[in-house]
file work.pdb (PDB, C-alpha atoms)
ATOM      1  CA  MET P  17    -115.651 -15.516 144.865
ATOM      2  CA  LYS P  18    -116.267 -16.819 141.361
ATOM      3  CA  TYR P  19    -118.046 -20.114 142.024
ATOM      4  CA  LEU P  20    -119.415 -19.835 145.574
ATOM      5  CA  PHE P  21    -122.295 -17.525 146.489
ATOM      6  CA  GLY P  22    -124.402 -16.827 149.556
ATOM      7  CA  PRO P  23    -125.397 -18.063 151.988
ATOM      8  CA  VAL P  24    -128.911 -17.284 150.810
ATOM      9  CA  TYR P  25    -132.040 -18.272 152.650
ATOM     10  CA  SER P  26    -134.105 -21.024 151.045
ATOM     11  CA  ARG P  27    -137.523 -22.036 152.361
ATOM     12  CA  ARG P  28    -136.791 -25.705 151.746
ATOM     13  CA  LEU P  29    -133.094 -25.876 152.665
ATOM     14  CA  GLY P  30    -132.506 -23.069 155.157
ATOM     15  CA  HIS P  31    -129.316 -20.998 154.824
ATOM     16  CA  SER P  32    -127.775 -22.392 151.656
ATOM     17  CA  LEU P  33    -124.208 -21.786 150.452
ATOM     18  CA  GLY P  34    -124.408 -22.175 146.681
ATOM     19  CA  ILE P  35    -121.701 -23.638 144.466
ATOM     20  CA  ASP P  36    -122.100 -22.899 140.749
ATOM     21  CA  LEU P  37    -120.583 -25.657 138.601
ATOM     22  CA  ILE P  38    -121.515 -24.645 135.049
ATOM     23  CA  PRO P  39    -121.081 -21.388 133.096
ATOM     24  CA  PRO P  40    -124.293 -19.787 131.824
ATOM     25  CA  LYS P  41    -126.001 -21.286 130.125
ATOM     26  CA  ILE P  42    -124.921 -24.830 129.316
ATOM     27  CA  CYS P  43    -127.722 -27.300 129.883
ATOM     28  CA  SER P  44    -129.418 -30.447 128.614
ATOM     29  CA  LEU P  45    -132.772 -28.605 128.626
ATOM     30  CA  ASN P  46    -134.052 -25.228 127.478
ATOM     31  CA  CYS P  47    -137.033 -24.858 129.813
ATOM     32  CA  VAL P  48    -139.574 -22.196 128.896
ATOM     33  CA  TYR P  49    -139.826 -21.044 132.516
ATOM     34  CA  CYS P  50    -136.088 -20.741 133.209
ATOM     35  CA  GLU P  51    -135.247 -17.489 134.993
ATOM     36  CA  VAL P  52    -131.611 -17.619 133.826
ATOM     37  CA  GLY P  53    -132.581 -17.216 130.167
ATOM     38  CA  PRO P  54    -132.301 -19.360 127.036
ATOM     39  CA  THR P  55    -129.784 -22.182 126.857
ATOM     40  CA  THR P  56    -126.797 -21.157 124.763
ATOM     41  CA  GLU P  57    -125.272 -24.659 124.566
ATOM     42  CA  LEU P  58    -127.858 -27.456 124.538
ATOM     43  CA  THR P  59    -125.887 -30.602 125.320
ATOM     44  CA  CYS P  60    -125.606 -33.829 127.293
ATOM     45  CA  GLU P  61    -121.817 -33.917 127.044
ATOM     46  CA  ARG P  62    -120.112 -34.311 130.421
ATOM     47  CA  LYS P  63    -116.734 -32.683 130.976
ATOM     48  CA  GLU P  64    -114.908 -30.362 133.348
ATOM     49  CA  TYR P  65    -116.635 -27.114 132.425
ATOM     50  CA  VAL P  66    -114.865 -25.128 135.150
ATOM     51  CA  PRO P  67    -111.645 -26.010 137.007
ATOM     52  CA  THR P  68    -112.591 -28.294 139.896
ATOM     53  CA  ALA P  69    -109.379 -27.342 141.705
ATOM     54  CA  ASP P  70    -110.470 -23.681 141.715
ATOM     55  CA  ILE P  71    -113.803 -24.621 143.294
ATOM     56  CA  LEU P  72    -112.056 -26.648 146.002
ATOM     57  CA  GLN P  73    -109.748 -23.696 146.675
ATOM     58  CA  GLU P  74    -112.734 -21.376 147.102
ATOM     59  CA  ILE P  75    -114.296 -23.872 149.527
ATOM     60  CA  ASP P  76    -111.098 -23.781 151.596
ATOM     61  CA  GLN P  77    -111.092 -19.982 151.569
ATOM     62  CA  LEU P  78    -114.700 -19.794 152.660
ATOM     63  CA  LEU P  79    -114.271 -22.306 155.476
ATOM     64  CA  ALA P  80    -111.172 -20.461 156.685
ATOM     65  CA  LYS P  81    -113.154 -17.227 156.875
ATOM     66  CA  GLY P  82    -116.218 -18.877 158.410
ATOM     67  CA  ALA P  83    -118.536 -17.454 155.721
ATOM     68  CA  GLY P  84    -118.168 -14.031 157.276
ATOM     69  CA  GLY P  85    -119.993 -15.129 160.390
ATOM     70  CA  ARG P  86    -123.177 -15.917 158.457
ATOM     71  CA  PRO P  87    -124.912 -19.241 159.179
ATOM     72  CA  ILE P  88    -124.673 -22.138 156.734
ATOM     73  CA  ASP P  89    -127.205 -24.966 157.002
ATOM     74  CA  VAL P  90    -126.347 -26.733 153.766
ATOM     75  CA  PHE P  91    -123.956 -26.613 150.805
ATOM     76  CA  THR P  92    -125.954 -26.665 147.571
ATOM     77  CA  LEU P  93    -124.421 -27.717 144.274
ATOM     78  CA  THR P  94    -126.283 -25.966 141.501
ATOM     79  CA  ALA P  95    -125.528 -24.130 138.273
ATOM     80  CA  MET P  96    -126.641 -21.561 135.761
ATOM     81  CA  GLY P  97    -127.117 -24.703 133.639
ATOM     82  CA  GLU P  98    -127.150 -28.403 134.593
ATOM     83  CA  PRO P  99    -124.598 -29.224 137.365
ATOM     84  CA  THR P 100    -124.340 -32.966 136.644
ATOM     85  CA  LEU P 101    -122.732 -32.122 133.288
ATOM     86  CA  HIS P 102    -119.625 -31.206 135.299
ATOM     87  CA  THR P 103    -117.448 -34.289 135.722
ATOM     88  CA  GLY P 104    -115.922 -32.979 138.956
ATOM     89  CA  ILE P 105    -119.212 -33.028 140.868
ATOM     90  CA  GLY P 106    -118.431 -36.255 142.730
ATOM     91  CA  GLU P 107    -115.030 -34.959 143.810
ATOM     92  CA  ILE P 108    -116.593 -31.740 145.102
ATOM     93  CA  ILE P 109    -119.220 -33.627 147.128
ATOM     94  CA  ALA P 110    -116.531 -35.839 148.656
ATOM     95  CA  TYR P 111    -114.363 -32.808 149.473
ATOM     96  CA  LEU P 112    -117.236 -31.035 151.224
ATOM     97  CA  HIS P 113    -117.855 -34.091 153.392
ATOM     98  CA  GLU P 114    -114.164 -34.227 154.197
ATOM     99  CA  LYS P 115    -113.981 -30.564 155.189
ATOM    100  CA  THR P 116    -117.349 -29.976 156.852
ATOM    101  CA  GLU P 117    -120.148 -31.779 158.626
ATOM    102  CA  LYS P 118    -122.824 -29.756 156.870
ATOM    103  CA  PRO P 119    -125.149 -31.658 154.529
ATOM    104  CA  VAL P 120    -124.686 -31.426 150.770
ATOM    105  CA  ALA P 121    -127.640 -30.919 148.419
ATOM    106  CA  VAL P 122    -127.713 -31.067 144.615
ATOM    107  CA  LEU P 123    -130.275 -29.255 142.440
ATOM    108  CA  THR P 124    -130.539 -30.975 139.055
ATOM    109  CA  ASN P 125    -132.896 -31.399 136.120
ATOM    110  CA  GLY P 126    -132.515 -35.174 136.463
ATOM    111  CA  THR P 127    -131.775 -35.868 132.803
ATOM    112  CA  LEU P 128    -128.465 -37.712 133.308
ATOM    113  CA  PHE P 129    -129.411 -40.202 136.033
ATOM    114  CA  PHE P 130    -129.546 -43.014 133.454
ATOM    115  CA  ASP P 131    -125.715 -42.805 133.504
ATOM    116  CA  PRO P 132    -124.264 -45.102 136.226
ATOM    117  CA  LYS P 133    -121.301 -42.708 136.644
ATOM    118  CA  VAL P 134    -123.614 -39.817 137.464
ATOM    119  CA  ARG P 135    -125.561 -41.924 139.969
ATOM    120  CA  ALA P 136    -122.321 -43.058 141.614
ATOM    121  CA  GLU P 137    -120.945 -39.502 141.841
ATOM    122  CA  LEU P 138    -124.145 -38.207 143.445
ATOM    123  CA  SER P 139    -124.532 -41.120 145.848
ATOM    124  CA  ALA P 140    -122.503 -39.392 148.595
ATOM    125  CA  ALA P 141    -124.790 -36.330 148.683
ATOM    126  CA  ASP P 142    -127.351 -35.945 151.456
ATOM    127  CA  ILE P 143    -130.227 -34.393 149.507
ATOM    128  CA  ILE P 144    -130.861 -34.657 145.777
ATOM    129  CA  ILE P 145    -133.608 -32.478 144.262
ATOM    130  CA  PRO P 146    -134.221 -33.433 140.621
ATOM    131  CA  SER P 147    -137.028 -31.983 138.529
ATOM    132  CA  LEU P 148    -139.552 -33.814 136.398
ATOM    133  CA  ASP P 149    -142.070 -31.443 134.855
ATOM    134  CA  ALA P 150    -143.777 -33.840 132.473
ATOM    135  CA  ALA P 151    -144.212 -37.570 131.967
ATOM    136  CA  ARG P 152    -145.718 -37.266 128.481
ATOM    137  CA  GLN P 153    -143.337 -36.751 125.558
ATOM    138  CA  GLU P 154    -145.381 -33.979 123.952
ATOM    139  CA  SER P 155    -145.540 -31.938 127.161
ATOM    140  CA  PHE P 156    -141.899 -32.667 128.010
ATOM    141  CA  GLU P 157    -140.779 -31.269 124.666
ATOM    142  CA  ARG P 158    -143.090 -28.260 124.978
ATOM    143  CA  VAL P 159    -141.996 -27.238 128.497
ATOM    144  CA  ASN P 160    -138.413 -28.490 128.751
ATOM    145  CA  GLN P 161    -137.239 -28.378 125.100
ATOM    146  CA  PRO P 162    -134.596 -31.081 125.634
ATOM    147  CA  ALA P 163    -131.360 -31.786 123.807
ATOM    148  CA  ALA P 164    -131.724 -34.420 121.093
ATOM    149  CA  ALA P 165    -129.992 -37.049 123.229
ATOM    150  CA  VAL P 166    -132.456 -36.736 126.128
ATOM    151  CA  ASN P 167    -134.985 -39.568 126.284
ATOM    152  CA  LEU P 168    -137.956 -39.079 128.642
ATOM    153  CA  GLU P 169    -138.408 -42.779 129.422
ATOM    154  CA  GLN P 170    -134.684 -42.960 130.165
ATOM    155  CA  VAL P 171    -134.976 -39.927 132.466
ATOM    156  CA  ILE P 172    -137.781 -41.486 134.519
ATOM    157  CA  GLU P 173    -136.049 -44.878 134.697
ATOM    158  CA  GLY P 174    -132.781 -43.196 135.742
ATOM    159  CA  LEU P 175    -134.527 -41.404 138.600
ATOM    160  CA  ALA P 176    -136.211 -44.643 139.695
ATOM    161  CA  LEU P 177    -132.871 -46.494 139.650
ATOM    162  CA  PHE P 178    -131.160 -43.764 141.656
ATOM    163  CA  ARG P 179    -133.954 -43.740 144.228
ATOM    164  CA  ARG P 180    -133.422 -47.459 144.869
ATOM    165  CA  GLU P 181    -129.646 -47.038 145.185
ATOM    166  CA  PHE P 182    -129.534 -43.767 147.120
ATOM    167  CA  HIS P 183    -129.363 -43.674 150.923
ATOM    168  CA  GLY P 184    -130.074 -39.959 151.282
ATOM    169  CA  GLU P 185    -133.214 -37.875 150.642
ATOM    170  CA  LEU P 186    -134.632 -37.600 147.125
ATOM    171  CA  TRP P 187    -137.130 -34.751 146.699
ATOM    172  CA  LEU P 188    -138.823 -34.512 143.303
ATOM    173  CA  GLU P 189    -139.704 -31.024 142.080
ATOM    174  CA  ILE P 190    -142.516 -30.639 139.537
ATOM    175  CA  LEU P 191    -143.110 -27.232 137.973
ATOM    176  CA  LEU P 192    -146.438 -26.695 136.232
ATOM    177  CA  VAL P 193    -146.884 -24.194 133.405
ATOM    178  CA  ARG P 194    -150.380 -23.077 132.443
ATOM    179  CA  ASP P 195    -151.718 -24.855 129.345
ATOM    180  CA  MET P 196    -148.396 -26.599 128.740
ATOM    181  CA  ASN P 197    -148.129 -29.492 131.216
ATOM    182  CA  ASP P 198    -151.105 -29.078 133.558
ATOM    183  CA  SER P 199    -153.858 -31.064 131.823
ATOM    184  CA  LEU P 200    -155.541 -33.984 133.579
ATOM    185  CA  GLU P 201    -153.740 -36.323 131.193
ATOM    186  CA  ASP P 202    -150.416 -34.759 132.178
ATOM    187  CA  LEU P 203    -151.152 -35.010 135.896
ATOM    188  CA  LEU P 204    -152.186 -38.659 135.643
ATOM    189  CA  ALA P 205    -148.981 -39.458 133.723
ATOM    190  CA  LEU P 206    -146.955 -37.693 136.411
ATOM    191  CA  GLN P 207    -148.865 -39.676 139.043
ATOM    192  CA  GLN P 208    -147.638 -42.912 137.450
ATOM    193  CA  ALA P 209    -144.069 -41.603 137.226
ATOM    194  CA  VAL P 210    -144.149 -40.566 140.891
ATOM    195  CA  ARG P 211    -145.278 -44.048 141.929
ATOM    196  CA  ARG P 212    -142.424 -45.503 139.896
ATOM    197  CA  ILE P 213    -139.752 -43.175 141.293
ATOM    198  CA  ASP P 214    -141.152 -43.072 144.859
ATOM    199  CA  PRO P 215    -139.352 -39.913 146.070
ATOM    200  CA  ALA P 216    -139.254 -39.024 149.774
ATOM    201  CA  ARG P 217    -141.346 -35.942 148.973
ATOM    202  CA  ILE P 218    -142.827 -34.062 146.034
ATOM    203  CA  GLN P 219    -142.440 -30.308 145.746
ATOM    204  CA  LEU P 220    -144.938 -28.602 143.447
ATOM    205  CA  ASN P 221    -144.062 -25.272 141.918
ATOM    206  CA  THR P 222    -145.140 -22.952 139.121
ATOM    207  CA  VAL P 223    -143.803 -19.926 137.263
ATOM    208  CA  ALA P 224    -143.028 -17.378 139.986
ATOM    209  CA  ARG P 225    -140.148 -15.386 138.434
ATOM    210  CA  PRO P 226    -139.745 -13.772 135.008
ATOM    211  CA  PRO P 227    -139.435 -16.724 132.592
ATOM    212  CA  MET P 228    -137.251 -17.203 129.548
ATOM    213  CA  ASP P 229    -140.370 -17.492 127.359
ATOM    214  CA  GLY P 230    -143.161 -14.978 127.893
ATOM    215  CA  ARG P 231    -145.738 -17.684 127.107
ATOM    216  CA  ALA P 232    -144.838 -19.478 130.348
ATOM    217  CA  ARG P 233    -147.483 -18.474 132.886
ATOM    218  CA  PRO P 234    -148.270 -19.718 136.384
ATOM    219  CA  VAL P 235    -151.114 -22.126 137.019
ATOM    220  CA  THR P 236    -153.889 -21.150 139.385
ATOM    221  CA  ARG P 237    -154.074 -21.989 143.061
ATOM    222  CA  GLU P 238    -156.987 -24.349 142.275
ATOM    223  CA  LYS P 239    -154.983 -26.174 139.604
ATOM    224  CA  MET P 240    -152.048 -26.595 141.961
ATOM    225  CA  GLU P 241    -154.301 -28.039 144.661
ATOM    226  CA  GLN P 242    -155.862 -30.397 142.113
ATOM    227  CA  ALA P 243    -152.378 -31.527 141.044
ATOM    228  CA  ALA P 244    -151.348 -32.125 144.659
ATOM    229  CA  ALA P 245    -154.421 -34.267 145.265
ATOM    230  CA  ILE P 246    -153.832 -36.358 142.121
ATOM    231  CA  LEU P 247    -150.138 -36.901 142.855
ATOM    232  CA  ALA P 248    -150.891 -37.874 146.445
ATOM    233  CA  GLU P 249    -153.062 -40.822 145.329
ATOM    234  CA  GLY P 250    -151.187 -44.049 145.936
ATOM    235  CA  TYR P 251    -148.115 -42.163 147.171
ATOM    236  CA  ALA P 252    -146.939 -42.444 150.777
ATOM    237  CA  GLY P 253    -144.651 -39.392 150.851
ATOM    238  CA  ARG P 254    -145.326 -35.684 151.355
ATOM    239  CA  VAL P 255    -146.698 -33.428 148.624
ATOM    240  CA  GLU P 256    -145.709 -29.804 149.260
ATOM    241  CA  ILE P 257    -146.868 -26.720 147.369
ATOM    242  CA  LEU P 258    -143.894 -24.350 147.361
ATOM    243  CA  VAL P 259    -145.277 -21.367 145.498
ATOM    244  CA  ASP P 260    -146.421 -18.163 147.197
ATOM    245  CA  PHE P 261    -149.721 -17.599 145.388
ATOM    246  CA  GLN P 262    -150.400 -14.331 147.164
ATOM    247  CA  ALA P 263    -147.226 -12.827 145.666
ATOM    248  CA  ILE P 264    -148.071 -14.176 142.200
ATOM    249  CA  GLU P 265    -151.639 -12.915 142.333
ATOM    250  CA  GLN P 266    -150.487  -9.455 143.436
ATOM    251  CA  LYS P 267    -147.909  -9.398 140.633
ATOM    252  CA  GLU P 268    -150.441 -10.537 138.023
ATOM    253  CA  PHE P 269    -152.914  -7.928 139.248
ATOM    254  CA  ARG P 270    -150.310  -5.169 138.926
ATOM    255  CA  GLN P 271    -149.236  -6.373 135.483
ATOM    256  CA  GLY P 272    -152.855  -6.776 134.390
ATOM    257  CA  THR P 273    -153.722  -3.291 135.588
ATOM    258  CA  GLN P 274    -150.741  -1.806 133.762
ATOM    259  CA  LEU P 275    -151.576  -3.751 130.595
ATOM    260  CA  GLN P 276    -155.228  -2.656 130.660
ATOM    261  CA  ALA P 277    -154.255   0.978 131.211
ATOM    262  CA  LYS P 278    -152.007   0.830 128.135
ATOM    263  CA  LEU P 279    -154.755  -0.878 126.151
ATOM    264  CA  VAL P 280    -157.245   1.852 127.045
ATOM    265  CA  GLU P 281    -154.866   4.487 125.671
ATOM    266  CA  ASP P 282    -154.205   2.420 122.533
ATOM    267  CA  ILE P 283    -157.958   2.263 121.880
ATOM    268  CA  ALA P 284    -158.306   6.003 122.429
ATOM    269  CA  ALA P 285    -155.476   6.643 119.949
ATOM    270  CA  LEU P 286    -157.048   4.335 117.371
ATOM    271  CA  LEU P 287    -160.427   6.072 117.604
ATOM    272  CA  GLN P 288    -158.833   9.481 117.115
ATOM    273  CA  ARG P 289    -158.464   8.495 113.473
ATOM    274  CA  ARG P 290    -161.881   6.974 112.736
ATOM    275  CA  PRO P 291    -164.960   5.479 114.428
ATOM    276  CA  CYS P 292    -164.817   1.693 114.843
ATOM    277  CA  PRO P 293    -167.089  -1.094 116.063
ATOM    278  CA  ILE P 294    -165.921  -3.282 118.951
ATOM    279  CA  GLU P 295    -164.921  -6.154 116.650
ATOM    280  CA  GLU P 296    -162.733  -3.903 114.509
ATOM    281  CA  ILE P 297    -161.021  -2.424 117.584
ATOM    282  CA  ASP P 298    -160.321  -5.944 118.843
ATOM    283  CA  THR P 299    -158.845  -7.027 115.495
ATOM    284  CA  ALA P 300    -156.869  -3.848 114.788
ATOM    285  CA  LEU P 301    -155.070  -3.970 118.160
ATOM    286  CA  HIS P 302    -154.646  -7.790 118.146
ATOM    287  CA  ILE P 303    -156.452  -8.047 121.497
ATOM    288  CA  GLN P 304    -158.387 -11.214 120.602
ATOM    289  CA  ASP P 305    -160.618 -10.860 123.651
ATOM    290  CA  LEU P 306    -163.942  -9.121 122.931
ATOM    291  CA  ASP P 307    -164.922  -8.973 126.604
ATOM    292  CA  LEU P 308    -161.662  -7.200 127.476
ATOM    293  CA  THR P 309    -162.075  -4.840 124.502
ATOM    294  CA  ARG P 310    -165.600  -3.932 125.597
ATOM    295  CA  ALA P 311    -164.426  -3.336 129.165
ATOM    296  CA  CYS P 312    -161.658  -0.977 128.013
ATOM    297  CA  VAL P 313    -164.038   0.892 125.700
ATOM    298  CA  GLN P 314    -166.487   1.286 128.578
ATOM    299  CA  VAL P 315    -163.721   2.840 130.692
ATOM    300  CA  LEU P 316    -163.332   5.508 128.005
ATOM    301  CA  VAL P 317    -167.097   5.979 127.618
ATOM    302  CA  SER P 318    -167.510   6.413 131.388
ATOM    303  CA  ALA P 319    -164.704   8.962 131.375
ATOM    304  CA  GLY P 320    -166.493  10.967 128.684
ATOM    305  CA  ARG P 321    -163.730  10.359 126.138
ATOM    306  CA  LEU P 322    -165.726   8.133 123.765
ATOM    307  CA  GLU P 323    -169.289   8.109 122.572
ATOM    308  CA  LYS P 324    -171.385   5.506 120.833
ATOM    309  CA  LEU P 325    -173.190   6.101 117.562
ATOM    310  CA  VAL P 326    -175.335   3.802 115.434
ATOM    311  CA  HIS P 327    -174.967   3.666 111.664
ATOM    312  CA  ASN P 328    -176.895   1.200 109.480
ATOM    313  CA  ASN P 329    -177.981  -0.650 112.629
ATOM    314  CA  LYS P 330    -174.355  -1.156 113.698
ATOM    315  CA  GLU P 331    -172.723   0.300 116.818
ATOM    316  CA  PHE P 332    -169.572   2.380 116.407
ATOM    317  CA  TYR P 333    -167.435   4.188 118.958
ATOM    318  CA  GLN P 334    -165.724   7.466 118.296
ATOM    319  CA  GLN P 335    -163.739  10.103 120.136
ATOM    320  CA  VAL P 336    -165.891  12.754 121.799
ATOM    321  CA  THR P 337    -165.413  16.036 120.042
ATOM    322  CA  VAL P 338    -165.559  19.276 121.981
ATOM    323  CA  ARG P 339    -168.521  21.193 120.615
ATOM    324  CA  LYS P 340    -168.530  24.968 120.653
ATOM    325  CA  ALA P 341    -171.463  26.577 122.467
TER     326      ALA P 341
END
call {"tool": "encode", "arguments": {"input": "work.pdb", "output": "structure tokens"}}
result
Amino acid sequence: MKYLFGPVYSRRLGHSLGIDLIPPKICSLNCVYCEVGPTTELTCERKEYVPTADILQEIDQLLAKGAGGRPIDVFTLTAMGEPTLHTGIGEIIAYLHEKTEKPVAVLTNGTLFFDPKVRAELSAADIIIPSLDAARQESFERVNQPAAAVNLEQVIEGLALFRREFHGELWLEILLVRDMNDSLEDLLALQQAVRRIDPARIQLNTVARPPMDGRARPVTREKMEQAAAILAEGYAGRVEILVDFQAIEQKEFRQGTQLQAKLVEDIAALLQRRPCPIEEIDTALHIQDLDLTRACVQVLVSAGRLEKLVHNNKEFYQQVTVRKA
């Protein structure tokens, strides 16, 4: 099928049958952490990006086949971009309710909820999961890189309006990126936005899959717990931490080990040409971390591949030469 995929198991939704409403990658944001890749069409224009009739036909085909005997707990409207850009989303939600008793969820970046038409089209869904990664303009632009027409105050107000109108479940997802939207000032601003929106629950996440921008890194377990505590103040709903920190820590350890091993060999190659002090090694290889440079040099010294010499009261490291007996 072209537009339907799964069911796939989701920790928060169970067995989810996905419906992809937007071609890759048309979106109102260009988030640095996006696993799909960079936005190719940055827009807030709503239109029928794919034929709604074709999606409805695929739904009929799937229901006739019973999803191949696999369980379906929920139908999830999502996209490689932003699903609310598709003007047929309301029709699809209504059709799913007509054809099945399963709940309908929508995953969205929340940027278009200021539009009464969008709020009306989504009102028949059972679960809406919008994201709000920042409540400060500077951080919003840094992490989400919005289209020119996106206004952060408008985004927050749209979510608050929808929450008051909506009779289903609104779960707000917040994804924190290290050194981009995780400062105390950012968390306090998000705390105020959460109180204003008043979602049924908050789901905290961080960068867990390869991001679009290599600068996007996960926050620490401690930072996530701090964020949860701050957001919980004055908020009556649930604050959930979704991320599997054990998997992230294992991945970072493996990547860090691989990176350090490469760095050790780069240092060895550099010192084949000439002796260098630690500071020069650090600068020449663009490491910019003297402690890491020293640690890698020590690995080579301990292995008997480098030796230290002092010249004019300054320490240099050079490749060990094999001396003839």
call {"tool": "closest_atom_pairs", "arguments": {"input": "work.pdb", "of": "range 44-73 of chain P", "to": "range 124-132 of chain P", "cutoff": "9 Å", "atoms": "all atoms listed in the file", "output": "tab-separated table"}}
result
residue	atom	partner	partner_atom	distance
P:Ser44	CA	P:Thr127	CA	7.2
P:Leu45	CA	P:Asn125	CA	8.0
P:Cys60	CA	P:Leu128	CA	7.7
call {"tool": "closest_residue", "arguments": {"input": "work.pdb", "among": "P:Ala141, P:Ala110, P:Met228, P:Leu316", "to": "Val122 in chain P", "atoms": "only C-alpha atoms"}}
result
P:Ala141
call {"tool": "closest_atom_pairs", "arguments": {"input": "work.pdb", "of": "range 109-222 of chain P", "to": "range 229-239 of chain P", "cutoff": "10 Å", "atoms": "all atoms listed in the file", "output": "CSV"}}
result
residue,atom,partner,partner_atom,distance
P:Val159,CA,P:Ala232,CA,8.5
P:Leu191,CA,P:Pro234,CA,9.3
P:Leu192,CA,P:Val235,CA,6.6
P:Val193,CA,P:Pro234,CA,5.6
P:Arg194,CA,P:Val235,CA,4.7
P:Asp195,CA,P:Val235,CA,8.2
P:Met196,CA,P:Ala232,CA,8.1
P:Asn197,CA,P:Val235,CA,9.8
P:Asp198,CA,P:Lys239,CA,7.7
P:Ser199,CA,P:Lys239,CA,9.3
P:Leu200,CA,P:Lys239,CA,9.9
P:Asn221,CA,P:Pro234,CA,8.9
P:Thr222,CA,P:Pro234,CA,5.3
call {"tool": "write_last_selection", "arguments": {"input": "work.pdb", "atoms": "C-alpha atoms", "output": "compact mmCIF listing (two decimals), keeping the file's coordinate frame"}}
result
# COMPACT_ATOMS: atom_id res chain seq x y z
CA VAL P 159 -142.00 -27.24 128.50
CA LEU P 191 -143.11 -27.23 137.97
CA LEU P 192 -146.44 -26.70 136.23
CA VAL P 193 -146.88 -24.19 133.40
CA ARG P 194 -150.38 -23.08 132.44
CA ASP P 195 -151.72 -24.86 129.34
CA MET P 196 -148.40 -26.60 128.74
CA ASN P 197 -148.13 -29.49 131.22
CA ASP P 198 -151.10 -29.08 133.56
CA SER P 199 -153.86 -31.06 131.82
CA LEU P 200 -155.54 -33.98 133.58
CA ASN P 221 -144.06 -25.27 141.92
CA THR P 222 -145.14 -22.95 139.12
call {"tool": "residues_around", "arguments": {"input": "work.pdb", "residues": "Gly184 in chain P", "least_positions_apart": "6", "cutoff": "9 Å", "atoms": "all atoms listed in the file", "output": "list in words"}}
result
Ser139, Ala140, Ala141, Asp142, Ile143 and Ile144 of chain P
call {"tool": "resolve_selection", "arguments": {"input": "work.pdb", "expression": "the PyMOL selection byres ((chain P and resi 190) around 6)", "output": "ChimeraX atom specification"}}
result
/P:147-149,189,191,220
call {"tool": "closest_residue", "arguments": {"input": "work.pdb", "among": "P:Thr68, P:Val90, P:His327, P:Ala95", "to": "Glu117 in chain P", "atoms": "all atoms listed in the file"}}
result
P:Val90
call {"tool": "resolve_selection", "arguments": {"input": "work.pdb", "expression": "the PyMOL selection byres ((chain P and resi 97) around 10)", "output": "list in words"}}
result
Asp36, Leu37, Ile38, Pro39, Pro40, Lys41, Ile42, Cys43, Ser44, Leu45, Asn46, Cys50, Val52, Gly53, Pro54, Thr55, Thr56, Glu57, Leu58, Thr94, Ala95, Met96, Glu98, Pro99, Thr100, Leu101, Thr124 and Asn125 of chain P
call {"tool": "write_last_selection", "arguments": {"input": "work.pdb", "atoms": "C-alpha atoms", "output": "PDB file, keeping the file's coordinate frame"}}
result
ATOM      1  CA  ASP P  36    -122.100 -22.899 140.749  1.00  0.00           C
ATOM      2  CA  LEU P  37    -120.583 -25.657 138.601  1.00  0.00           C
ATOM      3  CA  ILE P  38    -121.515 -24.645 135.049  1.00  0.00           C
ATOM      4  CA  PRO P  39    -121.081 -21.388 133.096  1.00  0.00           C
ATOM      5  CA  PRO P  40    -124.293 -19.787 131.824  1.00  0.00           C
ATOM      6  CA  LYS P  41    -126.001 -21.286 130.125  1.00  0.00           C
ATOM      7  CA  ILE P  42    -124.921 -24.830 129.316  1.00  0.00           C
ATOM      8  CA  CYS P  43    -127.722 -27.300 129.883  1.00  0.00           C
ATOM      9  CA  SER P  44    -129.418 -30.447 128.614  1.00  0.00           C
ATOM     10  CA  LEU P  45    -132.772 -28.605 128.626  1.00  0.00           C
ATOM     11  CA  ASN P  46    -134.052 -25.228 127.478  1.00  0.00           C
ATOM     12  CA  CYS P  50    -136.088 -20.741 133.209  1.00  0.00           C
ATOM     13  CA  VAL P  52    -131.611 -17.619 133.826  1.00  0.00           C
ATOM     14  CA  GLY P  53    -132.581 -17.216 130.167  1.00  0.00           C
ATOM     15  CA  PRO P  54    -132.301 -19.360 127.036  1.00  0.00           C
ATOM     16  CA  THR P  55    -129.784 -22.182 126.857  1.00  0.00           C
ATOM     17  CA  THR P  56    -126.797 -21.157 124.763  1.00  0.00           C
ATOM     18  CA  GLU P  57    -125.272 -24.659 124.566  1.00  0.00           C
ATOM     19  CA  LEU P  58    -127.858 -27.456 124.538  1.00  0.00           C
ATOM     20  CA  THR P  94    -126.283 -25.966 141.501  1.00  0.00           C
ATOM     21  CA  ALA P  95    -125.528 -24.130 138.273  1.00  0.00           C
ATOM     22  CA  MET P  96    -126.641 -21.561 135.761  1.00  0.00           C
ATOM     23  CA  GLU P  98    -127.150 -28.403 134.593  1.00  0.00           C
ATOM     24  CA  PRO P  99    -124.598 -29.224 137.365  1.00  0.00           C
ATOM     25  CA  THR P 100    -124.340 -32.966 136.644  1.00  0.00           C
ATOM     26  CA  LEU P 101    -122.732 -32.122 133.288  1.00  0.00           C
ATOM     27  CA  THR P 124    -130.539 -30.975 139.055  1.00  0.00           C
ATOM     28  CA  ASN P 125    -132.896 -31.399 136.120  1.00  0.00           C
TER      29      ASN P 125
END
call {"tool": "residues_around", "arguments": {"input": "work.pdb", "residues": "range 150-158 of chain P", "least_positions_apart": "3", "cutoff": "8 Å", "atoms": "all atoms listed in the file", "output": "list of chain:residue names"}}
result
P:Gln161, P:Pro162, P:Leu168, P:Ile172, P:Ile190, P:Met196, P:Asn197, P:Asp202, P:Ala205, P:Leu206, P:Ala209
call {"tool": "resolve_selection", "arguments": {"input": "work.pdb", "expression": "the PyMOL selection byres ((chain P and resi 282) around 12)", "output": "list in words"}}
result
Leu275, Gln276, Ala277, Lys278, Leu279, Val280, Glu281, Ile283, Ala284, Ala285, Leu286, Leu287, Gln288, Arg289, Ile297, Asp298, Ala300, Leu301, His302, Ile303, Thr309, Cys312, Val313 and Leu316 of chain P
call {"tool": "atom_distance", "arguments": {"input": "work.pdb", "atom1": "CA of Glu137 in chain P", "atom2": "CA of Ala69 in chain P"}}
result
16.8 Å
